[in-house]
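What follows is one structure encoded as C-alpha cells, with my remarks underneath.
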Amino acid sequence: MESVQAIKQRFGIIGNTPALNRAIEKAIQVAPTDISVLVTGESGVGKESIPKIIHQLSHRKHNKYIAVNCGAIPEGTIDSELFGHEKGAFTGATQTRSGYFEEADGGTIFLDEVGELPLTTQVRLLRVLENGEFLKVGSSKVQKTNVRIVAATNVNMFEAIQKEKFREDLFYRLSTVDINLPPLRERQEDIHLLFRKFASDFALKYKMPTVKLSENAVQLLVKYHWSGNIRQLRNIAEQLSVLEQNRTVSAETLRNYLPTTGNNLPAVIKQTKAESDFSSEREILYKVLFDMKSDLNDLKKLTMELMKNGNTKDVEKNNESLIQKIYGNDTDDDIEFEEHSNDNTFLSIPEHTSTPIIEEAVNDKYHFAEEIEEEETLSLQDKELELIKKSLERHSGKRKLAAAELGISERTLYRKIKQYDL
Ligand SMILES: Nc1ncnc2c1ncn2[C@@H]1O[C@H](COP(=O)(O)OP(=O)(O)OP(=O)(O)O)[C@@H](O)[C@H]1O
Ligand SMILES: [Mg+2]
C-alpha cells in the first residue's frame with residue numbers, strides 16, 4: 001500500500017497536518033473497496049484530489065473517471081447528462097445519447113457539489129446506488145451499470161435534509177465513509193508551506209523571481225481567517241507574484257491583499273472579486289503580456305530547433321514537453337481525467353455588464369445559484385452570448401484578451417465562439 005507521503009507527492013498535495021494525513025489515509029484504505037465515499041469540507045480545502053486518489057488506487061483505475069459538477073448543470077438537463085436520453089425524449093433530443101453512468105461503467109463517478117442535485121435526480125441516483133439500475137430519460141428500458149460513486153459537498157447536509165432539499169436515505173447511502181478535510185485556518189503549520197509552493201509555481205509560470213514574505217507578513221498570513229481556504233491563498237500568491245515589484249513582501253503590503261470582510265465565503269467572493277482577480281485593464285494586460293512573453297520564448301526555442309535540425313519528427317520527439325506547454329491546451333486529447341463539469345456550464349453573469357468583469361471559471365456555483373434566482377427575461381445562454389460578444393468587441397476580436405477578461409481559457413472561449421456561431 002502506498003504511503004501517505006508518497007500519495008501526497010504523486011497528487012501534488014502540500015501539507016502535513018494530522019487531519020490532512022488522516023483524510024488521505026482513509027482514502028487509501030477505502031480505495032480498493034466499492035464503498036461510497038462522501039468528501040466534506042469548506043470550499044477550497046482540496047476536496048477534488050480525494051476522489052482522484054480513490055480512483056487511481058482502485059481496481060477501476062483503467063476505466064473511466066468522470067467528474068461532474070452537480071451545481072453547475074442546469075436542473076433541466078442534469079438527468080439527461082447523468083443517465084442519457086432516448087431520441088425524441090424532449091425537444092432537441094435528435095439522437096439517443098448515453099449519460100455519464102453508462103460511459104463510466106466499470107469506473108468511478110465523482111459527484112461534486114452533490115447537495116445541489118434536484119430531488120428528482122436524487123431518486124434516480126438512489127436506484128443506481130442500490131442495484132446499479134437506471135433508465136435513460138424518455139425510456140422504459142432498465143439498464144445496468146457498475147459505477148463507484150465518490151461525492152463531495154461543502155454544504156451542511158443535515159441542514160439540507162431538514163429543509164427537505166436532500167433525501168436522508170440517499171445521504172446515508174452516499175456517506176458510508178465520510179472523509180473530512182479541515183479548513184486552512186485549522187492547518188496553520190501548512191499555510192506558509194503552501195504559500196511558498198504557490199509562489200515558486202507562479203515565479204516559474206511568469207518567469208519572475210519568487211516572492212517572499214517578511215517575518216511579520218508570515219505572521220499575518222498564518223493568523224488570517226482564510227474563508228476561501230487554499231483556493232484563496234493560491235489567488236493571493238498569484239496576485240503578489242504578478243503585481244509586486246518588491247519581491248520581499250511586507251506585512252503592510254500583504255494586508256492590502258487580504259479582504260477584511262466577514263467569514264462568509266459568498267460575501268467575500270462578491271465583495272473582493274475585484275481584488276482577488278485582475279480588476280483593471282492594466283492588470284489584465286500585464287497577465288496577458290507575461291503569458292505572451294513566455295509563449296514567445298518557447299516558440300523561439302522551437303523555431304531554433306527546427307532551423308538547426310530540419311527533421312520535424314525528431315524535433316517533435318525531442319521537444320515533447322515544450323510542444324505540450326505551447327500547444328497543450330489545444331491538443332489535450334489524452335488527459336488523464338475526464339472532466340465534464342464545464343460541458344454544460346455558463347459564464348457567470350455579472351449584474352452590471354458595462355464594466356469588465358473577471359470571474360472564476362464557469363462552474364462557480366455561488367454565482368450560478370444567484371443567477372438562477374434572478375428571474376430575468378434573457379436566458380443564461382443569451383446572457384453569456386452577450387457577455388462574450390461585448391468582450392470580443394472591447395478587445396477588437398482579440399481572443400486572448402477576451403478570454404483573460406472573461407476568466408476562461410482561450411480554448412473554452414474558442415469552443416463557445418463555435419457553439420454560438422460567432
Ligand atoms: N493540499 C494542497 N496542496 C496544494 N494545492 C492544494 C491543496 N489543496 C487544495 N489545493 C489547490 O487549491 C485549489 C482548490 O482545491 P479544490 O478545487 O480541490 O477545492 P474544493 O474543496 O473542491 O472546493 P469547492 O468546494 O469550492 O469545490 C485547487 O487549485 C487545488 O489544486
Ligand atoms: Mg470542488
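Note on naming: chains are A, B, ... as they come in the C-alpha cells, residues start from 1 per chain, ligands start from 1 in the order shown.
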Margin query: Counting only C-alpha atoms and all ligand atoms, what are the residues, protein, DNA or RNA alike, that approach ligand 1 to within 10 Å? I want them as a count of residues only.
Written below: 55
Notebook entry, point to check: What lies within 8 Å of Val222 (chain A) using only C-alpha atoms, ignoring chain neighbours under 3 positions off, as a PyMOL selection string?
Noted result: chain A and resi 185+188-189+191-192+218-219
Next item on the list: List the neighbours of region 91-94 of chain A out to 12 Å using only C-alpha atoms; skip same-chain residues closer than 5 positions along the sequence, and give me the result as a count of residues only.
Entry: 9
Note to self: According to DSSP computed on the backbone, where in region 17-56 of chain A is there strand (DSSP E)? Give the residues as a PyMOL selection string.
What the structure shows: chain A and resi 37-40
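The spacing separating CA of Asn146 (chain A) from CA of Gly107 (chain A) amounts to 7.4 Å.
Using only C-alpha atoms and all ligand atoms, the nearest neighbour of ligand 2 within the list A:Gln56, A:Phe110, A:Leu240, A:Lys300 is A:Phe110.
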Notebook entry, point to check: Out of region 115-196 of chain A, which residues get helix (DSSP H, G or I) from DSSP, as an NGL selection string?
Noted result: :A and (115-116 or 119-131 or 157-162 or 168-174 or 184-186 or 188-196)
Go ahead and save the residues from that selection, with N, CA, C and O atoms, as a compact mmCIF listing (two decimals), in the first residue's frame.
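As a result, out.txt now contains:
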```
# COMPACT_ATOMS: atom_id res chain seq x y z
N GLY A 115 -24.90 18.15 -2.96
CA GLY A 115 -26.03 18.76 -2.26
C GLY A 115 -26.93 19.57 -3.19
O GLY A 115 -28.05 19.91 -2.85
N GLU A 116 -26.42 19.89 -4.37
CA GLU A 116 -27.18 20.71 -5.32
C GLU A 116 -28.07 19.87 -6.25
O GLU A 116 -28.78 20.41 -7.09
N LEU A 119 -34.25 17.04 -6.46
CA LEU A 119 -34.84 15.87 -5.80
C LEU A 119 -35.16 14.73 -6.77
O LEU A 119 -34.96 13.56 -6.45
N THR A 120 -35.61 15.08 -7.96
CA THR A 120 -35.96 14.00 -8.91
C THR A 120 -34.72 13.21 -9.31
O THR A 120 -34.75 11.99 -9.47
N THR A 121 -33.61 13.91 -9.45
CA THR A 121 -32.36 13.24 -9.81
C THR A 121 -31.89 12.38 -8.63
O THR A 121 -31.30 11.31 -8.83
N GLN A 122 -32.16 12.87 -7.42
CA GLN A 122 -31.76 12.09 -6.24
C GLN A 122 -32.43 10.72 -6.24
O GLN A 122 -31.84 9.72 -5.84
N VAL A 123 -33.68 10.66 -6.70
CA VAL A 123 -34.40 9.38 -6.74
C VAL A 123 -33.69 8.42 -7.71
O VAL A 123 -33.45 7.26 -7.39
N ARG A 124 -33.33 8.94 -8.88
CA ARG A 124 -32.63 8.10 -9.87
C ARG A 124 -31.30 7.63 -9.32
O ARG A 124 -30.91 6.48 -9.51
N LEU A 125 -30.60 8.53 -8.63
CA LEU A 125 -29.28 8.20 -8.10
C LEU A 125 -29.38 7.10 -7.03
O LEU A 125 -28.56 6.17 -6.99
N LEU A 126 -30.40 7.20 -6.22
CA LEU A 126 -30.60 6.21 -5.16
C LEU A 126 -30.76 4.81 -5.78
O LEU A 126 -30.19 3.83 -5.31
N ARG A 127 -31.50 4.77 -6.87
CA ARG A 127 -31.73 3.48 -7.53
C ARG A 127 -30.41 2.90 -8.06
O ARG A 127 -30.13 1.72 -7.87
N VAL A 128 -29.61 3.73 -8.68
CA VAL A 128 -28.31 3.25 -9.18
C VAL A 128 -27.46 2.73 -8.04
O VAL A 128 -26.80 1.70 -8.14
N LEU A 129 -27.48 3.48 -6.93
CA LEU A 129 -26.66 3.07 -5.80
C LEU A 129 -27.15 1.76 -5.21
O LEU A 129 -26.36 0.96 -4.72
N GLU A 130 -28.45 1.55 -5.23
CA GLU A 130 -28.98 0.36 -4.61
C GLU A 130 -28.80 -0.90 -5.45
O GLU A 130 -28.42 -1.93 -4.94
N ASN A 131 -29.06 -0.80 -6.75
CA ASN A 131 -28.93 -2.03 -7.54
C ASN A 131 -28.29 -1.83 -8.91
O ASN A 131 -28.35 -2.72 -9.76
N MET A 157 -25.09 19.02 5.11
CA MET A 157 -26.08 18.10 4.56
C MET A 157 -27.24 17.87 5.53
O MET A 157 -28.37 17.64 5.10
N PHE A 158 -26.95 17.93 6.82
CA PHE A 158 -28.04 17.72 7.79
C PHE A 158 -29.08 18.83 7.68
O PHE A 158 -30.28 18.60 7.77
N GLU A 159 -28.57 20.03 7.46
CA GLU A 159 -29.48 21.16 7.28
C GLU A 159 -30.31 20.96 6.00
O GLU A 159 -31.52 21.18 6.00
N ALA A 160 -29.62 20.52 4.95
CA ALA A 160 -30.32 20.29 3.67
C ALA A 160 -31.41 19.22 3.85
O ALA A 160 -32.50 19.33 3.28
N ILE A 161 -31.10 18.21 4.67
CA ILE A 161 -32.09 17.14 4.90
C ILE A 161 -33.28 17.71 5.66
O ILE A 161 -34.44 17.46 5.32
N GLN A 162 -32.95 18.52 6.66
CA GLN A 162 -34.03 19.11 7.46
C GLN A 162 -34.95 20.00 6.62
O GLN A 162 -36.15 20.01 6.80
N GLU A 168 -32.80 11.87 2.96
CA GLU A 168 -31.99 11.30 4.03
C GLU A 168 -31.44 9.92 3.63
O GLU A 168 -30.27 9.61 3.87
N ASP A 169 -32.30 9.11 2.98
CA ASP A 169 -31.84 7.76 2.61
C ASP A 169 -30.65 7.83 1.64
O ASP A 169 -29.69 7.08 1.76
N LEU A 170 -30.71 8.80 0.73
CA LEU A 170 -29.60 8.95 -0.22
C LEU A 170 -28.34 9.41 0.50
O LEU A 170 -27.23 8.93 0.23
N PHE A 171 -28.51 10.32 1.44
CA PHE A 171 -27.36 10.82 2.19
C PHE A 171 -26.62 9.66 2.87
O PHE A 171 -25.40 9.55 2.77
N TYR A 172 -27.37 8.77 3.54
CA TYR A 172 -26.71 7.65 4.22
C TYR A 172 -26.07 6.68 3.23
O TYR A 172 -25.04 6.10 3.49
N ARG A 173 -26.70 6.54 2.08
CA ARG A 173 -26.15 5.68 1.04
C ARG A 173 -24.82 6.23 0.51
O ARG A 173 -23.85 5.51 0.27
N LEU A 174 -24.80 7.56 0.34
CA LEU A 174 -23.60 8.19 -0.22
C LEU A 174 -22.45 8.25 0.77
O LEU A 174 -21.28 8.22 0.40
N LEU A 184 -8.37 25.63 6.16
CA LEU A 184 -6.97 26.06 6.22
C LEU A 184 -6.63 26.70 7.57
O LEU A 184 -5.52 26.54 8.07
N ARG A 185 -7.59 27.43 8.16
CA ARG A 185 -7.28 28.10 9.43
C ARG A 185 -6.96 27.10 10.54
O ARG A 185 -6.37 27.46 11.54
N GLU A 186 -7.37 25.85 10.33
CA GLU A 186 -7.02 24.82 11.32
C GLU A 186 -5.76 24.05 10.91
O GLU A 186 -5.44 23.02 11.47
N GLN A 188 -2.64 25.68 10.50
CA GLN A 188 -1.73 26.84 10.48
C GLN A 188 -0.30 26.49 10.07
O GLN A 188 0.35 27.26 9.38
N GLU A 189 0.17 25.31 10.49
CA GLU A 189 1.56 24.97 10.16
C GLU A 189 1.76 24.75 8.66
O GLU A 189 2.89 24.74 8.18
N ASP A 190 0.65 24.58 7.92
CA ASP A 190 0.78 24.34 6.47
C ASP A 190 0.70 25.63 5.65
O ASP A 190 1.03 25.63 4.46
N ILE A 191 0.24 26.72 6.28
CA ILE A 191 -0.07 27.90 5.48
C ILE A 191 1.16 28.47 4.76
O ILE A 191 1.13 28.69 3.55
N HIS A 192 2.24 28.66 5.49
CA HIS A 192 3.42 29.25 4.85
C HIS A 192 4.02 28.29 3.82
O HIS A 192 4.49 28.70 2.76
N LEU A 193 3.96 27.03 4.16
CA LEU A 193 4.46 25.99 3.24
C LEU A 193 3.72 26.07 1.90
O LEU A 193 4.32 26.09 0.82
N LEU A 194 2.38 26.13 2.00
CA LEU A 194 1.56 26.22 0.79
C LEU A 194 1.88 27.51 0.02
O LEU A 194 2.01 27.50 -1.20
N PHE A 195 2.04 28.61 0.76
CA PHE A 195 2.32 29.88 0.10
C PHE A 195 3.63 29.78 -0.68
O PHE A 195 3.72 30.20 -1.84
N ARG A 196 4.65 29.20 -0.04
CA ARG A 196 5.95 29.09 -0.71
C ARG A 196 5.85 28.25 -1.98
O ARG A 196 6.45 28.57 -3.01
```
Item checked: Selected residue of minimal separation from Ser175 (chain A) among A:Leu387, A:Cys70, A:Ser36, A:Ala23, counting only C-alpha atoms -> A:Ser36
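Closest approach to ligand 2 among A:Ile53, A:Ile236, A:Leu111, A:Val242: A:Leu111, based on only C-alpha atoms and all ligand atoms.
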Item checked: Residues near Ser200 (chain A), cut-off 9 Å, only C-alpha atoms, skip fewer than 5 positions along chain, as a ChimeraX atom specification -> /A:195,205,209-211,241
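With only C-alpha atoms and all ligand atoms as the atoms that count, the minimum distance from ligand 2 to the choices A:Lys52, A:Arg255, A:Lys390, A:Lys418 is reached by A:Lys52.
Distance-wise, CA of Pro118 (chain A) and CA of Lys165 (chain A) end up 7.9 Å apart.
Nearest residue to ligand 2 among A:Ala151, A:Met307, A:Leu204, A:Ala251 is A:Ala151, counting only C-alpha atoms and all ligand atoms.
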Next item on the list: Name the closest residue to ligand 2 among the candidates A:Ala72, A:Ala6, A:Asn21, A:Leu57; distances are taken between atoms, counting only C-alpha atoms and all ligand atoms.
Entry: A:Ala72
Next item on the list: Find the spatial neighbours of Phe83 (chain A), counting only C-alpha atoms, within a cut-off of 9 Å - ignore same-chain residues fewer than 5 positions away - and output them as a ChimeraX atom specification.
Entry: /A:78,97-102,124,134-137
Please produce a file of the residues just selected, as an mmCIF file, in the first residue's frame, where the atoms kept are C-alpha atoms.
```
data_model
loop_
_atom_site.group_PDB
_atom_site.id
_atom_site.type_symbol
_atom_site.label_atom_id
_atom_site.label_comp_id
_atom_site.auth_asym_id
_atom_site.auth_seq_id
_atom_site.Cartn_x
_atom_site.Cartn_y
_atom_site.Cartn_z
ATOM 1 C CA ILE A 78 -28.965 17.041 -15.374
ATOM 2 C CA ARG A 97 -27.311 9.722 -26.105
ATOM 3 C CA SER A 98 -25.610 7.839 -23.316
ATOM 4 C CA GLY A 99 -25.076 9.540 -19.987
ATOM 5 C CA TYR A 100 -22.118 9.529 -17.614
ATOM 6 C CA PHE A 101 -23.395 6.496 -15.706
ATOM 7 C CA GLU A 102 -23.309 4.450 -18.878
ATOM 8 C CA ARG A 124 -32.634 8.105 -9.872
ATOM 9 C CA PHE A 134 -31.141 3.261 -14.276
ATOM 10 C CA LEU A 135 -33.390 4.419 -17.091
ATOM 11 C CA LYS A 136 -32.454 6.830 -19.851
ATOM 12 C CA VAL A 137 -34.703 9.893 -19.923
#
```
